[in-house]
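With compact mmCIF, C-alpha atoms and all ligand atoms inside, this is run03.txt:
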# COMPACT_ATOMS: atom_id res chain seq x y z
CA MET A 244 -27.44 -15.90 -4.19
CA LYS A 245 -27.76 -12.24 -5.10
CA ALA A 246 -24.33 -10.60 -5.08
CA GLY A 247 -23.89 -6.84 -5.27
CA ILE A 248 -20.77 -5.28 -6.77
CA LEU A 249 -19.86 -1.72 -5.93
CA ALA A 250 -19.70 -0.31 -9.46
CA LEU A 251 -18.53 3.28 -8.99
CA GLN A 252 -14.97 2.93 -10.30
CA GLY A 253 -12.27 0.31 -10.78
CA ALA A 254 -12.25 -3.38 -11.62
CA PHE A 255 -15.94 -4.13 -11.09
CA ARG A 256 -16.53 -5.62 -14.56
CA GLU A 257 -13.86 -8.26 -13.99
CA HIS A 258 -15.48 -9.29 -10.69
CA ARG A 259 -18.83 -9.38 -12.46
CA GLU A 260 -17.51 -11.77 -15.11
CA VAL A 261 -16.31 -14.20 -12.43
CA LEU A 262 -19.55 -14.03 -10.42
CA ASP A 263 -21.63 -14.44 -13.60
CA ALA A 264 -19.57 -17.49 -14.55
CA LEU A 265 -20.19 -18.94 -11.09
CA GLY A 266 -23.93 -18.54 -11.53
CA ALA A 267 -24.56 -15.77 -9.00
CA GLU A 268 -27.25 -13.18 -9.66
CA VAL A 269 -25.25 -9.96 -9.89
CA VAL A 270 -26.43 -6.44 -9.05
CA GLU A 271 -24.22 -3.44 -9.86
CA VAL A 272 -24.45 -1.11 -6.90
CA ARG A 273 -24.31 2.60 -7.78
CA LEU A 274 -27.07 4.03 -5.61
CA PRO A 275 -28.37 3.28 -2.10
CA GLN A 276 -31.48 1.48 -3.40
CA HIS A 277 -29.27 -1.08 -5.16
CA LEU A 278 -28.29 -2.48 -1.75
CA ALA A 279 -31.80 -3.78 -1.16
CA GLY A 280 -32.04 -7.56 -1.14
CA ILE A 281 -28.39 -8.42 -1.79
CA ASP A 282 -26.85 -11.32 0.14
CA ALA A 283 -23.23 -10.13 -0.17
CA ILE A 284 -21.21 -7.36 -1.77
CA VAL A 285 -17.91 -7.16 -3.61
CA LEU A 286 -15.84 -4.01 -3.21
CA PRO A 287 -13.40 -3.92 -6.13
CA GLY A 288 -9.90 -2.53 -6.54
CA GLY A 289 -9.37 0.76 -8.27
CA GLU A 290 -8.48 4.07 -6.71
CA SER A 291 -9.59 4.25 -3.10
CA THR A 292 -9.67 8.06 -2.97
CA THR A 293 -11.91 8.19 -6.07
CA ILE A 294 -14.22 5.42 -4.85
CA GLU A 295 -14.48 7.15 -1.47
CA ARG A 296 -15.42 10.44 -3.14
CA LEU A 297 -18.05 8.70 -5.29
CA LEU A 298 -19.46 6.94 -2.21
CA GLY A 299 -20.14 10.42 -0.88
CA THR A 300 -21.67 11.91 -4.02
CA SER A 301 -23.84 8.82 -4.71
CA GLY A 302 -25.26 8.85 -1.19
CA LEU A 303 -23.99 5.30 -0.69
CA ARG A 304 -21.53 5.95 2.09
CA GLY A 305 -23.92 5.89 5.04
CA PRO A 306 -26.17 3.06 3.77
CA LEU A 307 -23.16 0.90 2.83
CA SER A 308 -21.55 1.44 6.25
CA GLY A 309 -24.88 0.53 7.80
CA VAL A 310 -25.35 -2.79 5.99
CA LEU A 311 -21.73 -3.79 6.61
CA ALA A 312 -22.08 -3.01 10.30
CA GLU A 313 -25.22 -5.16 10.34
CA GLY A 314 -23.22 -8.08 8.97
CA LEU A 315 -23.62 -8.04 5.17
CA PRO A 316 -20.80 -10.31 3.91
CA ALA A 317 -18.22 -8.52 1.77
CA LEU A 318 -15.28 -9.45 -0.40
CA ALA A 319 -13.06 -6.38 -0.60
CA THR A 320 -10.02 -6.34 -2.84
CA CYS A 321 -7.15 -3.85 -2.90
CA ALA A 322 -8.75 -0.37 -2.93
CA GLY A 323 -11.89 -2.06 -1.55
CA LEU A 324 -9.85 -3.18 1.45
CA ILE A 325 -8.53 0.38 1.93
CA LEU A 326 -12.16 1.57 2.09
CA LEU A 327 -12.96 -0.86 4.91
CA ALA A 328 -9.83 -0.50 7.07
CA THR A 329 -9.81 1.24 10.42
CA GLU A 330 -6.52 2.98 9.62
CA VAL A 331 -5.01 4.12 6.30
CA ARG A 332 -1.35 5.07 6.20
CA ASP A 333 0.04 7.20 3.35
CA GLY A 334 -3.54 8.10 2.50
CA ARG A 335 -4.72 11.46 1.32
CA PRO A 336 -5.15 13.85 4.27
CA ASP A 337 -8.94 13.76 3.86
CA GLN A 338 -9.10 9.98 3.41
CA ASP A 339 -11.76 8.70 5.78
CA PRO A 340 -12.30 4.94 5.52
CA LEU A 341 -15.46 3.18 6.67
CA ALA A 342 -13.46 1.51 9.47
CA VAL A 343 -15.31 -1.81 9.63
CA ILE A 344 -12.33 -4.20 9.59
CA ASP A 345 -9.76 -3.83 12.33
CA CYS A 346 -6.52 -3.36 10.43
CA ALA A 347 -4.03 -0.73 9.36
CA VAL A 348 -3.09 -0.61 5.68
CA ARG A 349 -0.38 1.35 3.94
CA ARG A 350 -1.42 2.52 0.48
CA ASN A 351 0.96 1.50 -2.31
CA GLY A 352 2.98 -0.17 0.44
CA TYR A 353 5.06 -2.42 -1.82
CA GLY A 354 6.83 0.62 -3.26
CA ARG A 355 7.75 1.69 -6.74
CA GLN A 356 10.12 -1.18 -7.55
CA ARG A 357 7.35 -3.67 -6.89
CA GLU A 358 4.33 -1.71 -8.12
CA SER A 359 2.87 -4.78 -9.79
CA PHE A 360 3.86 -8.40 -9.40
CA GLU A 361 2.46 -11.89 -9.33
CA VAL A 362 3.25 -14.57 -6.75
CA PRO A 363 1.69 -17.93 -5.89
CA LEU A 364 -0.10 -17.78 -2.56
CA ASP A 365 -0.85 -20.59 -0.15
CA VAL A 366 -4.40 -19.89 1.00
CA ARG A 367 -5.62 -21.64 4.13
CA GLY A 368 -8.59 -23.86 3.36
CA LEU A 369 -8.34 -23.48 -0.43
CA HIS A 370 -7.76 -26.79 -2.21
CA GLY A 371 -6.10 -27.32 -5.56
CA GLY A 372 -2.70 -25.72 -5.05
CA PRO A 373 -1.42 -22.16 -4.74
CA PHE A 374 -3.61 -19.25 -5.84
CA PRO A 375 -2.11 -16.75 -8.32
CA GLY A 376 -1.73 -13.49 -6.39
CA VAL A 377 -1.89 -10.52 -8.77
CA PHE A 378 -0.72 -7.37 -6.96
CA ILE A 379 -1.22 -3.94 -8.54
CA ARG A 380 -0.08 -0.90 -6.51
CA ALA A 381 -1.29 -2.96 -3.62
CA PRO A 382 -1.66 -1.86 -0.03
CA VAL A 383 0.30 -3.64 2.71
CA ILE A 384 -1.66 -4.78 5.76
CA GLU A 385 0.66 -3.60 8.54
CA ARG A 386 -1.47 -4.43 11.57
CA THR A 387 -4.45 -6.69 12.20
CA GLY A 388 -6.67 -6.66 15.27
CA PRO A 389 -7.47 -9.73 17.38
CA ALA A 390 -10.75 -10.41 15.53
CA VAL A 391 -8.95 -10.70 12.19
CA GLU A 392 -7.93 -14.14 10.92
CA VAL A 393 -5.09 -14.20 8.39
CA LEU A 394 -5.74 -16.64 5.51
CA ALA A 395 -2.66 -16.00 3.36
CA GLU A 396 0.61 -14.14 3.66
CA HIS A 397 3.31 -12.87 1.35
CA ALA A 398 6.76 -11.81 2.56
CA GLY A 399 5.56 -11.97 6.15
CA ASP A 400 2.56 -9.68 5.69
CA PRO A 401 -1.10 -10.74 5.54
CA VAL A 402 -2.53 -10.54 2.01
CA LEU A 403 -5.87 -12.29 2.60
CA ALA A 404 -7.77 -12.02 5.85
CA ARG A 405 -11.24 -12.17 7.29
CA GLN A 406 -13.12 -10.66 10.19
CA GLY A 407 -16.40 -12.51 10.45
CA ALA A 408 -18.17 -12.12 7.12
CA LEU A 409 -15.72 -9.52 5.82
CA VAL A 410 -13.02 -10.99 3.60
CA VAL A 411 -10.25 -8.68 2.41
CA ALA A 412 -7.44 -9.21 -0.10
CA THR A 413 -4.58 -6.90 -1.02
CA PHE A 414 -4.38 -8.62 -4.43
CA HIS A 415 -6.83 -9.00 -7.34
CA PRO A 416 -8.47 -12.46 -7.43
CA GLU A 417 -10.70 -11.29 -10.30
CA LEU A 418 -7.60 -10.97 -12.53
CA ALA A 419 -6.08 -14.33 -11.59
CA GLY A 420 -7.82 -16.50 -14.17
CA ASP A 421 -8.78 -18.67 -11.21
CA MET A 422 -12.27 -18.55 -9.76
CA ARG A 423 -11.61 -20.54 -6.57
CA LEU A 424 -11.52 -17.57 -4.22
CA HIS A 425 -14.84 -16.16 -5.45
CA GLN A 426 -16.32 -19.67 -5.31
CA TRP A 427 -15.08 -20.09 -1.74
CA PHE A 428 -16.53 -16.69 -0.77
CA LEU A 429 -19.94 -17.55 -2.27
CA ASN A 430 -19.91 -20.89 -0.46
CA GLU A 431 -19.01 -19.21 2.84
CA VAL A 432 -21.81 -16.66 2.63
CA SER A 433 -24.59 -18.81 1.18
N1 LIG B 501 -3.22 2.13 -4.81
C1 LIG B 501 -4.63 2.13 -4.98
C2 LIG B 501 -5.32 3.00 -3.94
O1 LIG B 501 -4.69 3.49 -3.05
C3 LIG B 501 -5.20 0.74 -4.90
C4 LIG B 501 -4.71 -0.07 -6.08
C5 LIG B 501 -5.67 -1.13 -6.55
O2 LIG B 501 -6.83 -1.20 -6.11
N2 LIG B 501 -5.20 -1.92 -7.46
O3 LIG B 501 -6.49 3.20 -4.01
Re-express the file's structure as structure tokens.
Amino acid sequence: MKAGILALQGAFREHREVLDALGAEVVEVRLPQHLAGIDAIVLPGGESTTIERLLGTSGLRGPLSGVLAEGLPALATCAGLILLATEVRDGRPDQDPLAVIDCAVRRNGYGRQRESFEVPLDVRGLHGGPFPGVFIRAPVIERTGPAVEVLAEHAGDPVLARQGALVVATFHPELAGDMRLHQWFLNEVS
């Protein structure tokens, strides 16, 4: 299993540590040619507007959209989810997501009082008890399309969902000290 990690900005090192520990062959993706031969890609959290700008300057935007549209499996967390959504609310006026997963997300949707928090999440299909959900200026998924399956919720909103091979989380599984979600993703895509 050769797993790419979009390594332009944000929490890519933490994802790398988990994937390394799970025995995946990891490729840091910074240029279009790094997409060649990968079996899946992780899109980390960070700052969605910055990552989007760097996707443009690196030349990755078109090629990444292309491989995702062709079915490359992806695990997108937090800002990574914002990049993939069809609709971004409270985005920057020029924010232009790749629009490959049918959902609307509101940036920083949990508000100032709850900028960062941790809650146990019941994840459908994940054994071994609740998963620690680490939320950092997380987006709220406010709408999901009919092709989107919700795998976990918090306070009535989806926090983990999938559309085919695209898995999106509003929280940071790479910071949870729990590798089950990455392991599950690798199992699903291999
Ligand atoms: N609020 C950030 C954004 O809009 C996302 C935060 C994160 O990825 N932890 O890009």
Taking all atoms listed in the file into account, list the residues no farther than 6 Å from ligand LIG 501 (chain B), as a short mmCIF file (atom, residue, chain, number, x, y, z; two decimals) with C-alpha atoms, in the frame of the given file.
data_model
loop_
_atom_site.label_atom_id
_atom_site.label_comp_id
_atom_site.auth_asym_id
_atom_site.auth_seq_id
_atom_site.Cartn_x
_atom_site.Cartn_y
_atom_site.Cartn_z
CA GLY A 288 -9.90 -2.53 -6.54
CA GLY A 289 -9.37 0.76 -8.27
CA GLU A 290 -8.48 4.07 -6.71
CA SER A 291 -9.59 4.25 -3.10
CA THR A 292 -9.67 8.06 -2.97
CA CYS A 321 -7.15 -3.85 -2.90
CA ALA A 322 -8.75 -0.37 -2.93
CA ARG A 350 -1.42 2.52 0.48
CA ASN A 351 0.96 1.50 -2.31
CA ILE A 379 -1.22 -3.94 -8.54
CA ARG A 380 -0.08 -0.90 -6.51
CA ALA A 381 -1.29 -2.96 -3.62
#
#### Entry: Counting all atoms listed in the file, the option among A:Ala404, A:Val383, A:Gly371, A:Gly266 closest to Arg357 of chain A
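Checking each candidate against Arg357 of chain A, we get A:Val383 as the closest.
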### Message
Using all atoms listed in the file, which protein or nucleic acid residues come within 10 Å of Val269 of chain A? Drop anything in the same chain fewer than 5 positions from it, and give the result as a list of chain:residue names.
### Response
A:Met244, A:Lys245, A:Ala246, A:Gly247, A:Ile248, A:His258, A:Arg259, A:Glu260, A:Leu262, A:Asp263, A:Ile281, A:Ala283, A:Ile284
### Message
List the spatial neighbours of Pro340 of chain A as a ChimeraX atom specification - criterion: any atom at most 8 Å away, all atoms listed in the file, same-chain residues fewer than 5 positions off excluded.
### Response
/A:295,325-331
### Shell of 9 Å around segment 306-319 of chain A, all atoms listed in the file, local chain residues under 2 positions omitted, as a VMD selection string
chain A and resid 275 278 281 to 288 298 302 to 304 321 to 327 341 to 343 407 to 413 425 428 432
### Task
Provide the atom CA of Val391 of chain A to atom CA of Met422 of chain A distance in Å, to one decimal place.
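Separating atom CA of Val391 of chain A from atom CA of Met422 of chain A is a distance of 23.5 Å.
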### Computed interatomic separation between atom CA of Pro373 of chain A and atom CA of Gly420 of chain A (Å)
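Computed distance, atom CA of Pro373 of chain A to atom CA of Gly420 of chain A, equals 12.7 Å.
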### Message
Using only C-alpha atoms for the distances, tell me which of A:Val377, A:Ile294, A:Ala395, A:Leu364 is nearest to Leu418 of chain A.
### Response
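Looking at the shortest contact to Leu418 of chain A, the residue is A:Val377.
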### Nearest to Phe414 of chain A, chosen from A:Glu361, A:Glu431, A:Glu392, A:Glu385, with only C-alpha atoms counted in the distances
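Closest residue, counting only C-alpha atoms: A:Glu361.
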